[in-house]
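> Before I ask anything, here is the structure I am working with.
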Number of protein chains: 2
Amino acid sequence: MKEPVFDSMEFRRALGTFTTGVTVITARGADGEPVGVTANSFSSVSLEPPLVLWSLAKSAHSLSVFQEAEYFAIHILAANQEDLSNRFASRGEDKFAALDVEDGLGKTPLLSGCCTRMQCKTVYRYEGGDHIIFVGEVVDLVRDDVPPLVFQAGKYAVAARKASEAPLLPAGSSEFKEDFLGYLLWRAYFQFHCEMRKQAPISDLSDQEFLILSTLFHSNWRSADGLCNSVFLDSDREEAARALASLLEKGLIEKKAGDNNVDLYGVTDTGKEKALGLLGAAKATEADFLDKLGTWEGGALKNLLKGFIVETNPGLPHPWERTDNESL
Amino acid sequence: MKEPVFDSMEFRRALGTFTTGVTVITARGADGEPVGVTANSFSSVSLEPPLVLWSLAKSAHSLSVFQEAEYFAIHILAANQEDLSNRFASRGEDKFAALDVEDGLGKTPLLSGCCTRMQCKTVYRYEGGDHIIFVGEVVDLVRDDVPPLVFQAGKYAVAARKASEAPLLPAGSSEFKEDFLGYLLWRAYFQFHCEMRKQAPISDLSDQEFLILSTLFHSNWRSADGLCNSVFLDSDREEAARALASLLEKGLIEKKAGDNNVDLYGVTDTGKEKALGLLGAAKATEADFLDKLGTWEGGALKNLLKGFIVETNPGLPHPWERTDNESL
């Protein structure tokens with residue numbers, strides 16, 4: 001046999017380019033001991049009869065149990081079950097400790113909270129190099145409509161439907177491409193705020209006033225400088241000052257002297273009421289948009305935005321973090 | 001044999017909760033005819049020796065070719081190869097027409113542009129209900145660092161690394177949750193613009209002025225109303241008017257009478273120069289942020305933002321679309 005022209009590490013990397021879900025596969029030994037392993041080698045085989053397969057290393061502790069088990073259960077994990085995946089991927093002694101386990105066919109231990117749980121009857125065991133391929137006939141299944149956990153290039157991931165290829169921009173706009181990130185972020189933010197404003201009684205607030213009011217609602221008694229550093233671009237300080245004056249005039253915020261003789265701004269009761277209205281409108285808009293986008297896509301978008309915010313933060317203060325200078 | 005307690009449609013749906021990559025698998029018949037099928041039943045089997053498997057329906061036209069072929073090639077498709085996936089999933093006569101094909105081992109047709117291409121020697125063919133399971137030993141592989149195509153719940157998808165679980169907000173901020181979409185969109189946009197402003201000579205432009213200048217750069221000669229409807233919230237018209245006046249004063253835009261006696265605004269040569277500086281800064285910021293976020297994640301984020309913008313657009317005009325009222 002010719003030696004392959006790639007090493008084992010490169011082979012693993014190549015396999016990692018095939019994205020997969022993550023499963024935990026369980027069975028019960030003749031002695032009553034439950035076993036379980038994390039596997040991403042799951043694959044569908046046949047529709048009629050309904051067959052699926054997965055592979056287990058010949059070196060696995062649980063091999064003999066799976067070899068002898070009449071039944072096994074495949075749990076396709078949900079996006080929030082990373083812990084369960086890690087637990088069954090480790091070599092720990094009691095993987096089932098403190099887990100809520102139900103007994104299935106042949107007393108197979110069944111886990112809950114998954115996307116899909118399939119109870120299978122072992123129909124074939126095939127030779128597969130350093131692994132055994134188990135083919136099972138699915139005799140029972142339960143499915144829940146929750147987003148699945150994904151594994152890609154050796155890391156946990158989330159997946160979301162591809163956007164349609166329909167162009168977002170009218171033809172002829174050639175310079176700023178439609179996939180320019182700055183544009184996409186601005187436009188998504190703009191659409192969200194337009195919709196939110198339709199739902200909230202805030203037609204009398206400018207965008208700056210809205211930003212200040214919602215920031216103070218979560219982090220009261222801030223200085224003009226603190227607010228500016230948190231939520232305004234350097235160039236917008238003049239407008240921020242105008243917005244503060246306007247909010248004071250409308251009785252939505254008030255001013256008092258803090259330590260160091262710095263003026264601090266806080267929301268009044270009227271301002272709080274207004275902010276609660278904003279919060280309600282924001283939540284309604286979010287629910288509406290997530291409904292339009294799809295829950296899975298919404299979750300993936302939030303996940304990516306969080307990653308974006310963490311990875312690209314150039315050291316900006318958090319909007320609701322008060323500085324020492326803002327003590328009362 | 002007991003009838004399963006679920007129907008074939010439900011079984012398919014359950015299988016769809018296991019996310020997969022997409023492969024095209026090819027071989028060449030004894031008569032020289034190339035065959036190829038799209039499959040997501042690929043799975044890794046063994047590391048030593050390097051084995052992989054996939055399943056083919058017994059009813060497939062190409063079954064006999066794969067049954068007899070000594071070699072086959074597995075192409076793990078890249079995110080931009082949806083067309084290739086559709087082509088080989090169809091029953092068309094000449095799936096290879098106009099494709100750039102290379103000959104591999106046993107003259108197996110090899111496609112290009114994939115994430116990974118594995119040339120395999122058939123080592124086992126196993127019974128699998130209405131399918132045959134093909135196990136191949138990988139004898140050659142080529143891998144490219146491009147994002148893979150993903151298939152989930154019956155649709156094409158993209159996947160991206162899960163964001164770390166580190167909280168984005170300081171402890172104690174309970175109301176607006178850190179996964180509130182409105183906040184995430186604003187913050188991501190804000191960070192982008194802060195960074196862009198560091199790189200561009202625009203410290204003398206307010207955010208409103210920036211928005212107007214970049215809009216006019218792509219869509220010259222617009223009315224104040226047209227601009228407001230495109231890029232401002234209703235409540236910000238006063239500030240928009242201030243920004244227009246300030247840009248005129250700085251000589252970055254000019255004004256002339258259009259049809260219907262409506263004043264139209266356009267960028268001056270100085271304004272164009274400034275806008276080009278902005279464009280450069282925006283591109284540099286994008287490159288920097290995508291580098292920090294990772295190219296795959298960046299692509300997935302853009303994809304989701306595009307979907308978001310299309311799905312949730314409440315009928316807002318495109319920023320660069322001129323209305324009839326804005327004709328010269």
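Ordering of the structure tokens sets the chain letters (A, B, ...); residue numbers start at 1 within each chain; ligands are numbered from 1 in the order shown.
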When you look at A:Phe232 with a cut-off of 10 Å (counting only C-alpha atoms), what residues show up, excluding the ones that are within fewer than 3 positions of it in the same chain? I need them as a CSV table (one decimal) with all heavy atoms, in the first residue's frame.

chain,number,residue,atom,x,y,z
A,208,GLN,N,-30.2,61.7,18.7
A,208,GLN,CA,-29.2,62.0,19.8
A,208,GLN,C,-30.0,62.0,21.2
A,208,GLN,O,-29.4,61.4,22.2
A,208,GLN,CB,-28.6,63.4,19.7
A,208,GLN,CG,-27.4,63.4,18.8
A,208,GLN,CD,-27.7,63.5,17.3
A,208,GLN,OE1,-28.9,63.5,17.0
A,208,GLN,NE2,-26.7,63.6,16.5
A,211,LEU,N,-30.6,58.5,22.2
A,211,LEU,CA,-29.4,57.8,22.7
A,211,LEU,C,-29.1,58.2,24.1
A,211,LEU,O,-28.8,57.4,24.9
A,211,LEU,CB,-28.2,58.2,21.8
A,211,LEU,CG,-27.9,57.3,20.6
A,211,LEU,CD1,-26.8,57.8,19.8
A,211,LEU,CD2,-27.6,55.8,21.0
A,212,ILE,N,-29.2,59.5,24.4
A,212,ILE,CA,-28.9,60.0,25.7
A,212,ILE,C,-29.9,59.4,26.7
A,212,ILE,O,-29.6,58.9,27.8
A,212,ILE,CB,-28.9,61.5,25.8
A,212,ILE,CG1,-27.7,62.1,25.0
A,212,ILE,CG2,-28.9,62.0,27.2
A,212,ILE,CD1,-27.7,63.6,24.8
A,225,ASP,N,-19.4,64.8,29.5
A,225,ASP,CA,-18.2,64.1,28.9
A,225,ASP,C,-18.4,62.6,28.8
A,225,ASP,O,-18.0,62.0,27.9
A,225,ASP,CB,-17.0,64.5,29.7
A,225,ASP,CG,-16.3,65.7,29.1
A,225,ASP,OD1,-16.8,66.2,28.1
A,225,ASP,OD2,-15.2,66.1,29.7
A,226,GLY,N,-18.8,62.1,30.0
A,226,GLY,CA,-19.0,60.6,30.1
A,226,GLY,C,-20.0,60.1,29.0
A,226,GLY,O,-19.7,59.1,28.3
A,227,LEU,N,-21.1,60.8,28.8
A,227,LEU,CA,-22.0,60.4,27.8
A,227,LEU,C,-21.4,60.5,26.4
A,227,LEU,O,-21.6,59.6,25.6
A,227,LEU,CB,-23.3,61.4,27.8
A,227,LEU,CG,-24.3,61.0,28.9
A,227,LEU,CD1,-25.3,62.2,29.0
A,227,LEU,CD2,-25.0,59.7,28.6
A,228,CYS,N,-20.7,61.6,26.2
A,228,CYS,CA,-20.1,61.8,24.8
A,228,CYS,C,-19.1,60.7,24.5
A,228,CYS,O,-19.1,60.2,23.4
A,228,CYS,CB,-19.4,63.2,24.8
A,228,CYS,SG,-20.6,64.5,24.4
A,229,ASN,N,-18.3,60.4,25.5
A,229,ASN,CA,-17.3,59.4,25.3
A,229,ASN,C,-17.9,58.0,25.0
A,229,ASN,O,-17.4,57.2,24.3
A,229,ASN,CB,-16.3,59.3,26.5
A,229,ASN,CG,-15.4,60.5,26.6
A,229,ASN,OD1,-15.2,61.2,25.6
A,229,ASN,ND2,-15.0,60.7,27.8
A,235,SER,N,-17.0,64.1,16.8
A,235,SER,CA,-17.4,65.3,16.0
A,235,SER,C,-18.8,65.7,16.4
A,235,SER,O,-19.3,66.7,16.0
A,235,SER,CB,-17.4,64.9,14.6
A,235,SER,OG,-18.1,63.7,14.4
A,236,ASP,N,-19.5,64.9,17.2
A,236,ASP,CA,-20.9,65.2,17.5
A,236,ASP,C,-21.2,65.8,18.8
A,236,ASP,O,-22.3,65.9,19.3
A,236,ASP,CB,-21.8,63.9,17.3
A,236,ASP,CG,-21.9,63.5,15.9
A,236,ASP,OD1,-21.7,64.3,15.0
A,236,ASP,OD2,-22.2,62.3,15.6
A,237,ARG,N,-20.1,66.3,19.5
A,237,ARG,CA,-20.3,66.8,20.8
A,237,ARG,C,-21.2,68.1,20.9
A,237,ARG,O,-21.9,68.3,21.8
A,237,ARG,CB,-18.9,67.2,21.4
A,237,ARG,CG,-18.1,65.9,21.5
A,237,ARG,CD,-16.9,66.0,22.4
A,237,ARG,NE,-16.4,64.7,22.5
A,237,ARG,CZ,-16.1,64.1,23.7
A,237,ARG,NH1,-16.1,64.9,24.8
A,237,ARG,NH2,-15.7,62.9,23.8
A,239,GLU,N,-23.7,68.6,18.9
A,239,GLU,CA,-25.1,68.1,18.8
A,239,GLU,C,-25.5,67.4,20.1
A,239,GLU,O,-26.7,67.5,20.5
A,239,GLU,CB,-25.3,67.2,17.7
A,239,GLU,CG,-25.5,67.9,16.4
A,239,GLU,CD,-25.1,67.1,15.2
A,239,GLU,OE1,-24.9,65.9,15.3
A,239,GLU,OE2,-24.8,67.8,14.1
A,240,ALA,N,-24.6,66.8,20.8
A,240,ALA,CA,-24.9,66.1,22.1
A,240,ALA,C,-25.3,67.2,23.1
A,240,ALA,O,-26.2,67.0,23.8
A,240,ALA,CB,-23.7,65.3,22.5
A,319,PRO,N,-21.1,51.8,27.0
A,319,PRO,CA,-22.0,52.9,27.2
A,319,PRO,C,-22.6,53.1,28.6
A,319,PRO,O,-22.9,54.3,29.0
A,319,PRO,CB,-23.2,52.6,26.2
A,319,PRO,CG,-22.9,51.3,25.7
A,319,PRO,CD,-21.5,50.9,25.9
B,190,PHE,N,-21.5,51.8,15.6
B,190,PHE,CA,-20.8,52.8,16.3
B,190,PHE,C,-19.3,52.5,16.3
B,190,PHE,O,-18.4,53.4,16.1
B,190,PHE,CB,-21.3,52.9,17.8
B,190,PHE,CG,-20.7,54.0,18.6
B,190,PHE,CD1,-20.8,55.4,18.3
B,190,PHE,CD2,-19.9,53.7,19.7
B,190,PHE,CE1,-20.3,56.4,19.1
B,190,PHE,CE2,-19.4,54.7,20.5
B,190,PHE,CZ,-19.5,56.0,20.2
B,194,CYS,N,-16.4,54.8,14.7
B,194,CYS,CA,-15.3,55.4,15.5
B,194,CYS,C,-14.0,55.1,14.8
B,194,CYS,O,-13.1,56.0,14.7
B,194,CYS,CB,-15.3,54.8,16.9
B,194,CYS,SG,-16.6,55.5,17.9
B,207,ASP,N,-21.7,63.4,12.3
B,207,ASP,CA,-22.2,62.2,11.7
B,207,ASP,C,-23.2,62.5,10.6
B,207,ASP,O,-23.2,61.8,9.6
B,207,ASP,CB,-22.8,61.3,12.8
B,207,ASP,CG,-22.8,59.9,12.5
B,207,ASP,OD1,-21.9,59.4,11.7
B,207,ASP,OD2,-23.8,59.2,12.9
> Which residues are close to stretch 306-312 of chain B, i.e. within 7 Å by only C-alpha atoms, leaving aside same-chain residues fewer than 2 positions away? Reply as a list in words.
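Contacts, with the query itself left out: Ala163, Ser164, Leu184, Ala188, Phe289, Lys292 and Leu293 of chain A; Lys302, Asn303, Leu304 and Pro314 of chain B.
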> Can I get the selected residues back with C-alpha atoms, as a PDB file, in the first residue's frame?

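Contents of result-v3.pdb, as written:
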ATOM      1  CA  ALA A 163     -29.272  35.295   2.158  1.00  0.00           C
ATOM      2  CA  SER A 164     -30.915  35.454  -1.226  1.00  0.00           C
ATOM      3  CA  LEU A 184     -24.731  47.052   5.952  1.00  0.00           C
ATOM      4  CA  ALA A 188     -29.599  47.474   9.473  1.00  0.00           C
ATOM      5  CA  PHE A 289     -37.851  41.516  12.989  1.00  0.00           C
ATOM      6  CA  LYS A 292     -39.389  38.070   9.726  1.00  0.00           C
ATOM      7  CA  LEU A 293     -35.772  36.964   9.703  1.00  0.00           C
TER       8      LEU A 293
ATOM      9  CA  LYS B 302     -22.460  40.245   5.944  1.00  0.00           C
ATOM     10  CA  ASN B 303     -24.667  37.471   4.659  1.00  0.00           C
ATOM     11  CA  LEU B 304     -26.932  37.705   7.699  1.00  0.00           C
ATOM     12  CA  PRO B 314     -40.492  48.324   6.016  1.00  0.00           C
TER      13      PRO B 314
END
> Of the candidates B:Ala60, B:Ala284, B:Leu213, B:Val158, which shows the shortest atom-to-atom distance to chain A, using only C-alpha atoms?
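Answer, going by the shortest atom-to-atom distance: B:Val158.
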> Would you please give, as a PyMOL selection string, all residues of stretch 46-211 of chain B that DSSP assigns to helix (DSSP H, G or I) based on the backbone?
chain B and resi 63-68+82-89+105-107+181-199+207-211
> Once you have the residues from the selection above, write them out as a CSV table (one decimal), in the first residue's frame, restricted to C-alpha atoms.

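Result file is selection_8.csv:
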chain,number,residue,atom,x,y,z
B,63,LEU,CA,-24.8,3.5,-9.2
B,64,SER,CA,-23.2,1.0,-11.5
B,65,VAL,CA,-20.3,3.3,-12.3
B,66,PHE,CA,-19.6,3.9,-8.7
B,67,GLN,CA,-20.0,0.1,-8.0
B,68,GLU,CA,-17.3,-0.6,-10.5
B,82,GLU,CA,-24.1,26.5,-4.6
B,83,ASP,CA,-24.5,26.4,-8.4
B,84,LEU,CA,-22.2,23.4,-8.6
B,85,SER,CA,-24.2,21.7,-5.9
B,86,ASN,CA,-27.5,22.3,-7.8
B,87,ARG,CA,-26.0,21.2,-11.0
B,88,PHE,CA,-24.9,17.8,-9.7
B,89,ALA,CA,-28.1,17.4,-7.6
B,105,LEU,CA,-6.4,8.7,-10.5
B,106,GLY,CA,-8.2,6.2,-12.7
B,107,LYS,CA,-9.1,9.3,-14.8
B,181,LEU,CA,-30.6,43.3,18.7
B,182,GLY,CA,-31.2,47.0,18.6
B,183,TYR,CA,-28.2,47.5,21.0
B,184,LEU,CA,-26.0,45.1,19.1
B,185,LEU,CA,-26.7,46.8,15.7
B,186,TRP,CA,-26.1,50.3,17.2
B,187,ARG,CA,-22.9,49.2,19.0
B,188,ALA,CA,-21.4,47.5,16.0
B,189,TYR,CA,-22.2,50.5,13.7
B,190,PHE,CA,-20.8,52.8,16.3
B,191,GLN,CA,-17.5,50.9,16.7
B,192,PHE,CA,-17.1,50.8,12.9
B,193,HIS,CA,-17.6,54.5,12.6
B,194,CYS,CA,-15.3,55.4,15.5
B,195,GLU,CA,-12.5,53.4,13.9
B,196,MET,CA,-13.2,54.8,10.4
B,197,ARG,CA,-13.1,58.3,11.7
B,198,LYS,CA,-9.7,57.6,13.2
B,199,GLN,CA,-8.4,56.8,9.7
B,207,ASP,CA,-22.2,62.2,11.7
B,208,GLN,CA,-25.1,63.8,9.8
B,209,GLU,CA,-22.7,65.7,7.5
B,210,PHE,CA,-20.8,62.4,6.9
B,211,LEU,CA,-24.1,60.7,6.0
> Excluding stretch 131-145 of chain A and residues on its chain fewer than 6 positions from it, collect all residues at most 8 Å away from it, counting only C-alpha atoms, and give them as a ChimeraX atom specification.
/A:49-58,72,114-125 /B:3-6,11,14,45-46,128
> Next, write the just-selected residues to a file, as a JSON list (two decimals), in the first residue's frame, keeping C-alpha atoms as the atom set.

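What landed in out35.json:
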[["chain", "number", "residue", "atom", "x", "y", "z"],
["A", 49, "PRO", "CA", -36.13, 1.48, 5.79],
["A", 50, "PRO", "CA", -35.00, 4.52, 7.84],
["A", 51, "LEU", "CA", -31.30, 3.90, 8.47],
["A", 52, "VAL", "CA", -28.56, 6.11, 9.90],
["A", 53, "LEU", "CA", -24.93, 5.45, 10.75],
["A", 54, "TRP", "CA", -22.05, 6.65, 12.90],
["A", 55, "SER", "CA", -18.53, 5.43, 13.66],
["A", 56, "LEU", "CA", -16.80, 4.65, 16.94],
["A", 57, "ALA", "CA", -13.06, 4.22, 17.52],
["A", 58, "LYS", "CA", -12.05, 0.64, 18.21],
["A", 72, "PHE", "CA", -28.73, 2.94, 20.85],
["A", 114, "CYS", "CA", -31.89, 18.16, 21.82],
["A", 115, "CYS", "CA", -32.96, 19.06, 18.30],
["A", 116, "THR", "CA", -33.69, 15.45, 17.49],
["A", 117, "ARG", "CA", -33.54, 12.20, 19.40],
["A", 118, "MET", "CA", -33.56, 8.96, 17.43],
["A", 119, "GLN", "CA", -33.87, 5.56, 19.04],
["A", 120, "CYS", "CA", -32.20, 2.99, 16.83],
["A", 121, "LYS", "CA", -32.01, -0.76, 16.59],
["A", 122, "THR", "CA", -28.54, -1.92, 15.58],
["A", 123, "VAL", "CA", -28.78, -3.59, 12.17],
["A", 124, "TYR", "CA", -25.20, -3.69, 10.88],
["A", 125, "ARG", "CA", -21.72, -3.30, 12.31],
["B", 3, "GLU", "CA", -43.88, 0.02, 11.56],
["B", 4, "PRO", "CA", -42.04, 3.15, 12.66],
["B", 5, "VAL", "CA", -44.19, 5.68, 14.51],
["B", 6, "PHE", "CA", -43.18, 8.54, 12.21],
["B", 11, "PHE", "CA", -37.79, 11.43, 9.21],
["B", 14, "ALA", "CA", -35.32, 15.07, 11.67],
["B", 45, "VAL", "CA", -14.53, 7.03, 9.42],
["B", 46, "SER", "CA", -10.92, 6.28, 10.29],
["B", 128, "GLY", "CA", -27.55, 0.18, 3.60]]
> Out of A:Leu216, A:Val22, A:Leu77, A:Ala159, which residue has the shortest atom-to-atom distance to chain B when counting only C-alpha atoms?
A:Ala159
> Name all residues at most 6 Å from stretch 147-154 of chain A (count only C-alpha atoms; drop same-chain ones fewer than 4 positions away) and give them as a PDB file with N, CA and C atoms, in the first residue's frame.

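Contents of the output file part.pdb:
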ATOM      1  N   GLY A  16     -12.174  18.672   8.628  1.00  0.00           N
ATOM      2  CA  GLY A  16     -12.807  19.804   9.309  1.00  0.00           C
ATOM      3  C   GLY A  16     -13.489  20.771   8.367  1.00  0.00           C
ATOM      4  N   THR A  17     -13.163  20.719   7.080  1.00  0.00           N
ATOM      5  CA  THR A  17     -13.836  21.616   6.137  1.00  0.00           C
ATOM      6  C   THR A  17     -15.240  21.112   5.806  1.00  0.00           C
ATOM      7  N   THR A  19     -18.524  20.664   7.294  1.00  0.00           N
ATOM      8  CA  THR A  19     -19.272  21.094   8.471  1.00  0.00           C
ATOM      9  C   THR A  19     -20.214  19.976   8.915  1.00  0.00           C
ATOM     10  N   THR A  20     -20.387  19.832  10.217  1.00  0.00           N
ATOM     11  CA  THR A  20     -21.307  18.808  10.721  1.00  0.00           C
ATOM     12  C   THR A  20     -22.106  19.339  11.898  1.00  0.00           C
ATOM     13  N   GLY A  21     -23.162  18.633  12.221  1.00  0.00           N
ATOM     14  CA  GLY A  21     -23.808  18.813  13.507  1.00  0.00           C
ATOM     15  C   GLY A  21     -22.997  18.071  14.556  1.00  0.00           C
ATOM     16  N   LEU A  77     -27.548  17.514  18.905  1.00  0.00           N
ATOM     17  CA  LEU A  77     -27.542  18.553  19.934  1.00  0.00           C
ATOM     18  C   LEU A  77     -28.019  19.908  19.427  1.00  0.00           C
ATOM     19  N   ALA A  78     -28.625  20.649  20.348  1.00  0.00           N
ATOM     20  CA  ALA A  78     -29.069  22.014  20.071  1.00  0.00           C
ATOM     21  C   ALA A  78     -27.915  22.984  20.301  1.00  0.00           C
ATOM     22  N   ALA A  79     -28.059  24.191  19.731  1.00  0.00           N
ATOM     23  CA  ALA A  79     -26.987  25.196  19.796  1.00  0.00           C
ATOM     24  C   ALA A  79     -26.556  25.493  21.229  1.00  0.00           C
ATOM     25  N   VAL A 158     -22.315  28.248  14.640  1.00  0.00           N
ATOM     26  CA  VAL A 158     -23.749  28.313  14.385  1.00  0.00           C
ATOM     27  C   VAL A 158     -23.919  28.522  12.890  1.00  0.00           C
ATOM     28  N   TRP A 296     -33.691  31.157  13.924  1.00  0.00           N
ATOM     29  CA  TRP A 296     -32.330  30.630  13.820  1.00  0.00           C
ATOM     30  C   TRP A 296     -31.390  31.689  13.271  1.00  0.00           C
TER      31      TRP A 296
END
> Restricting the calculation to only C-alpha atoms, which member of B:Leu247, B:Ala160, B:Ala257, B:Leu290 is positioned closest to B:Lys274?
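The answer is B:Leu247, which sits nearest to B:Lys274.
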> For each of B:Thr108, B:Ser62, B:Thr323, B:Asn313, take the minimum atom-to-atom distance to B:Ala27, counting only C-alpha atoms, then give the residue where this is smallest.
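Among the listed residues, B:Thr108 lies closest to B:Ala27.
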> As an exercise, work out the distance from atom CA of B:Ser246 to atom CA of B:Leu264 in Å and give it to one decimal place.
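These atoms are spaced 15.5 Å apart.
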> To test your reading of the structure, identify every residue in stretch 95-276 of chain A that backbone DSSP assigns to strand (DSSP E), and report it as a ChimeraX atom specification.
/A:102-103,109-110,116-128,131-143,150-152,155-161,222-223,253-257,263-267
> Between A:Val267, A:Ala39, A:Ala275, A:Leu301, single out the one closest to chain B, counting only C-alpha atoms.
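The answer is A:Leu301, which sits nearest to chain B.
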> Between B:Ser206, B:Thr23, B:Thr268, B:Ser8, single out the one closest to B:Lys255, counting only C-alpha atoms.
B:Thr268
> Just give me the gap between atom CA of A:Gly258 and atom CA of A:Ser219 in Å, one decimal is fine.
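Separation of atom CA of A:Gly258 and atom CA of A:Ser219: 14.6 Å.
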> Compile the contact shell of A:Asp100 as a ChimeraX atom specification: residues with an atom at most 10 Å away, counting only C-alpha atoms, same-chain residues fewer than 3 positions apart removed.
/A:96-97,109-112
